[in-house]
Amino acid sequence: MSFIELKNVNKIYKNGITALADVSVAIEKGEFVFVIGLTASGKSTFIKMLYREEKPNSGTVTVGGLNVGKIRNRKVYKLRRKIGIVFQDFKLLPKLTVYENVAFALECVGMKEKEIRPKVLNALERVGLKEKVRSFPNELSGGEQQRVCIARAIVNEPKLLICDEPTGNLDPETSKEIMKVIDNINKDLKTTIIMATHDKDIVNRMKKRVLVIDHGILVGDYAKGRYKAHESN
């Protein structure tokens, strides 16, 4: 079995909109995959299926051998502990320092401080922010805030990192820097990366595997380096 598998997945919202229609795809451990499509194409629903923010009406979503749709609500936290998630908006706690924001993810699972400290410092070093441990979010640039979010997402060394438009609020140069950080996590830690994005420049420059979703249908699955995004996409 592949690390991530969607088999004949359908998702229809209560308002009648079909977000995903008979989607089947397999993603192997350690892959870096872009999920692209126009607004309301279904790519965000695809991403949300992986961390059980949404459940399919039919079909199966499997992550690391777990049938995600079958997980009971009170057990979802166990899945999410194994997944790092980075959003477009930073979702940092404004009254906590950089160190405290990253450490919070480990405190929530009951880890002791002597275990937390080396993990937090290692994660911050990996994203290039070790010298900012005592800074507060309002003292950081947008790019630095997103780096903190990435550090928080990887501090528990997840096998899967989900990125939902992580560069959406950033300028092109900062976006390049953030993507370099994410790419290095994929290469150095062998972390599986699934990233939804609108940024055609990033997709074209990085030459990863690309899934294209249009009106809920998986219309393209392009091997690494085989896809070229155009302005009409």
# chains A, B, ... in the order shown; residues from 1 in each chain; ligands from 1

call {"tool": "select_by_dssp", "arguments": {"residues": "segment 22-225 of chain A", "states": "alpha helix (DSSP H)", "output": "tab-separated table (two decimals) with C-alpha atoms, in the first residue's frame"}}
result
chain	number	residue	atom	x	y	z
A	43	LYS	CA	-7.93	21.23	-4.15
A	44	SER	CA	-8.55	22.53	-0.62
A	45	THR	CA	-11.07	19.75	-0.04
A	46	PHE	CA	-8.46	17.26	-1.26
A	47	ILE	CA	-5.98	18.65	1.28
A	48	LYS	CA	-8.54	18.69	4.11
A	49	MET	CA	-9.35	15.02	3.49
A	50	LEU	CA	-5.79	14.10	4.44
A	76	VAL	CA	-8.71	12.64	15.18
A	77	TYR	CA	-6.05	14.29	17.35
A	78	LYS	CA	-4.00	11.09	17.17
A	79	LEU	CA	-3.84	11.39	13.38
A	80	ARG	CA	-2.97	15.08	13.48
A	98	VAL	CA	8.97	32.25	18.70
A	99	TYR	CA	10.35	29.54	20.99
A	100	GLU	CA	7.07	29.29	22.93
A	101	ASN	CA	4.96	29.11	19.76
A	102	VAL	CA	6.94	26.13	18.50
A	103	ALA	CA	7.21	24.48	21.93
A	104	PHE	CA	3.44	24.77	22.41
A	105	ALA	CA	2.88	22.00	19.87
A	106	LEU	CA	4.90	19.61	22.04
A	107	GLU	CA	3.53	20.82	25.37
A	113	GLU	CA	10.79	20.52	28.82
A	114	LYS	CA	14.11	18.63	28.70
A	115	GLU	CA	12.80	16.83	25.59
A	116	ILE	CA	11.12	19.89	24.14
A	117	ARG	CA	14.08	22.28	24.12
A	118	PRO	CA	16.41	20.38	21.76
A	119	LYS	CA	13.55	19.60	19.38
A	120	VAL	CA	12.44	23.26	19.23
A	121	LEU	CA	15.97	24.59	18.73
A	122	ASN	CA	16.62	22.01	16.02
A	123	ALA	CA	13.40	22.92	14.19
A	124	LEU	CA	14.16	26.65	14.40
A	125	GLU	CA	17.69	26.09	13.14
A	126	ARG	CA	16.32	24.11	10.19
A	142	GLY	CA	5.76	37.78	7.09
A	143	GLY	CA	8.40	35.38	5.81
A	144	GLU	CA	9.84	34.90	9.28
A	145	GLN	CA	6.38	34.26	10.72
A	146	GLN	CA	5.80	31.57	8.11
A	147	ARG	CA	9.16	30.02	9.01
A	148	VAL	CA	7.97	29.81	12.62
A	149	CYS	CA	4.84	28.04	11.40
A	150	ILE	CA	6.95	25.57	9.45
A	151	ALA	CA	9.16	24.95	12.51
A	152	ARG	CA	6.04	24.33	14.60
A	153	ALA	CA	4.73	21.91	11.96
A	154	ILE	CA	7.93	19.85	11.82
A	172	PRO	CA	7.77	36.49	-4.78
A	173	GLU	CA	11.28	36.70	-3.28
A	174	THR	CA	10.13	35.63	0.18
A	175	SER	CA	8.08	32.86	-1.42
A	176	LYS	CA	11.25	31.49	-3.02
A	177	GLU	CA	12.97	31.43	0.37
A	178	ILE	CA	10.06	29.64	2.01
A	179	MET	CA	9.95	27.06	-0.77
A	180	LYS	CA	13.66	26.41	-0.36
A	181	VAL	CA	13.05	25.68	3.33
A	182	ILE	CA	10.19	23.28	2.50
A	183	ASP	CA	12.20	21.60	-0.26
A	184	ASN	CA	15.12	21.04	2.13
A	185	ILE	CA	12.77	19.44	4.66
A	186	ASN	CA	11.64	17.05	1.94
A	187	LYS	CA	15.20	16.23	0.90
A	188	ASP	CA	16.91	16.13	4.29
A	189	LEU	CA	14.20	14.54	6.43
A	200	LYS	CA	2.47	29.02	-11.14
A	201	ASP	CA	6.04	30.32	-10.86
A	202	ILE	CA	6.74	28.03	-7.92
A	203	VAL	CA	5.23	25.02	-9.71
A	204	ASN	CA	7.25	25.68	-12.87
A	205	ARG	CA	10.51	26.39	-11.06
A	206	MET	CA	10.49	23.44	-8.68

call {"tool": "atom_distance", "arguments": {"atom1": "atom CA of Ser58 of chain A", "atom2": "atom CA of Ile36 of chain A"}}
result
22.6 Å

call {"tool": "closest_residue", "arguments": {"among": "A:Val155, A:Met111, A:Ile193, A:Cys163", "to": "Lys29 of chain A", "atoms": "only C-alpha atoms"}}
result
A:Ile193

call {"tool": "select_by_dssp", "arguments": {"residues": "segment 41-71 of chain A", "states": "strand (DSSP E)", "output": "list in words"}}
result
Ser58, Gly59, Thr60, Val61, Thr62, Val63, Leu66 and Asn67 of chain A

call {"tool": "write_last_selection", "arguments": {"atoms": "N, CA and C atoms", "output": "CSV table (one decimal), in the first residue's frame"}}
result
chain,number,residue,atom,x,y,z
A,58,SER,N,-18.2,9.0,-0.1
A,58,SER,CA,-17.9,7.6,-0.5
A,58,SER,C,-16.5,7.5,-0.9
A,59,GLY,N,-16.0,6.3,-1.0
A,59,GLY,CA,-14.6,6.1,-1.3
A,59,GLY,C,-13.7,6.1,0.0
A,60,THR,N,-12.5,5.8,-0.1
A,60,THR,CA,-11.6,5.8,1.0
A,60,THR,C,-10.4,6.7,0.9
A,61,VAL,N,-10.0,7.3,2.0
A,61,VAL,CA,-8.8,8.1,2.1
A,61,VAL,C,-7.9,7.4,3.2
A,62,THR,N,-6.7,7.0,2.7
A,62,THR,CA,-5.8,6.3,3.6
A,62,THR,C,-4.5,7.0,3.8
A,63,VAL,N,-4.0,7.3,5.0
A,63,VAL,CA,-2.8,8.0,5.2
A,63,VAL,C,-2.0,7.1,6.2
A,66,LEU,N,-3.8,4.2,7.8
A,66,LEU,CA,-5.0,4.5,8.5
A,66,LEU,C,-6.1,5.0,7.6
A,67,ASN,N,-7.3,4.4,7.7
A,67,ASN,CA,-8.5,4.8,6.9
A,67,ASN,C,-9.0,6.1,7.6
